[in-house]
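Chemist: Here it is, the structure, as structure tokens.
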Amino acid sequence: MAKRLQVILQDPEYREIQRVARSRHMSIAEWVRQALELARRREPLGSVGKKLEIIRAAAQHQYPVGDIDTMLAEIEAGYATGARS
């Protein structure tokens, strides 16, 4: 179900949003929806504490890794050949 959102803006703010929306050939409502969607995507999901807890738990395990010099040489060789993963 769609919901209506009312936002009160000062005239200068409204005119600026109106100008930007017009320059992109969209309504103010569409511009605001897109701005809110972008803001939501930039908002981190989950708490910082939970993320750190997961990283700390992962750091307790022993994972197989190669020699760092070998891995760096392989990475550089991939750049040189233009290989993409």
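Letters A, B, ... mark the chains of the structure tokens in the order given; residue numbers begin at 1 per chain; ligand numbers begin at 1, in order shown.
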Any idea what's packed within 7 Å of range 7-17 of chain A, counting only C-alpha atoms, ignoring anything in its chain fewer than 3 positions away? Could you give it as a list in words?

Modeler: Val20, Ala21 and Ile28 of chain A

Chemist: Those selected residues, please, written with N, CA and C atoms and delivered as a tab-separated table (two decimals), in the first residue's frame.

Modeler:
```
chain	number	residue	atom	x	y	z
A	20	VAL	N	16.23	21.53	-9.79
A	20	VAL	CA	16.98	20.30	-10.08
A	20	VAL	C	16.07	19.28	-10.76
A	21	ALA	N	14.85	19.12	-10.26
A	21	ALA	CA	13.91	18.16	-10.85
A	21	ALA	C	13.62	18.53	-12.31
A	28	ILE	N	8.85	16.84	-9.12
A	28	ILE	CA	9.47	16.97	-7.80
A	28	ILE	C	9.27	15.67	-7.02
```

Chemist: Looking only at alpha helix (DSSP H) from DSSP on the backbone, list the matching residues of range 13-71 of chain A as a ChimeraX atom specification.

Modeler: /A:13-23,28-42,48-59,68-71

Chemist: Please produce a file of the residues just selected, as a compact mmCIF listing (two decimals), in the first residue's frame, where the atoms kept are C-alpha atoms.

Modeler:
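Output contents, as saved in selection_27.txt:
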```txt
# COMPACT_ATOMS: atom_id res chain seq x y z
CA GLU A 13 14.80 24.89 -0.56
CA TYR A 14 11.66 24.12 -2.54
CA ARG A 15 12.77 26.24 -5.50
CA GLU A 16 16.17 24.53 -5.57
CA ILE A 17 14.58 21.07 -5.58
CA GLN A 18 12.13 22.23 -8.24
CA ARG A 19 15.02 23.55 -10.38
CA VAL A 20 16.98 20.30 -10.08
CA ALA A 21 13.91 18.16 -10.85
CA ARG A 22 13.12 20.25 -13.94
CA SER A 23 16.70 20.01 -15.15
CA ILE A 28 9.47 16.97 -7.80
CA ALA A 29 7.80 13.86 -6.38
CA GLU A 30 9.89 11.54 -8.57
CA TRP A 31 13.08 13.43 -7.72
CA VAL A 32 12.30 13.13 -4.00
CA ARG A 33 11.52 9.40 -4.33
CA GLN A 34 14.86 8.84 -6.07
CA ALA A 35 16.73 10.94 -3.49
CA LEU A 36 15.14 8.97 -0.65
CA GLU A 37 15.96 5.65 -2.35
CA LEU A 38 19.60 6.71 -2.73
CA ALA A 39 19.73 7.78 0.92
CA ARG A 40 18.25 4.43 2.02
CA ARG A 41 20.83 2.48 -0.01
CA ARG A 42 23.65 4.48 1.57
CA VAL A 48 28.48 -1.65 13.76
CA GLY A 49 28.77 -3.84 16.87
CA LYS A 50 27.25 -6.83 15.07
CA LYS A 51 29.56 -6.40 12.08
CA LEU A 52 32.61 -6.23 14.36
CA GLU A 53 31.42 -9.33 16.23
CA ILE A 54 31.24 -11.24 12.93
CA ILE A 55 34.69 -10.06 11.85
CA ARG A 56 36.20 -11.01 15.21
CA ALA A 57 34.62 -14.47 15.03
CA ALA A 58 35.97 -14.99 11.51
CA ALA A 59 39.45 -13.87 12.59
CA ILE A 68 52.05 -13.37 0.14
CA ASP A 69 54.83 -12.83 -2.40
CA THR A 70 53.37 -15.53 -4.65
CA MET A 71 49.87 -14.08 -4.35
```

Chemist: Rounded to one decimal in Å, what is the spacing between CA of Gly46 in chain A and CA of Val65 in chain A?

Modeler: 29.1 Å

Chemist: What does the distance from CA of Asp67 in chain A to CA of Ala80 in chain A come to in Å, to one decimal?

Modeler: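 Interatomic distance, CA of Asp67 in chain A to CA of Ala80 in chain A: 20.1 Å.
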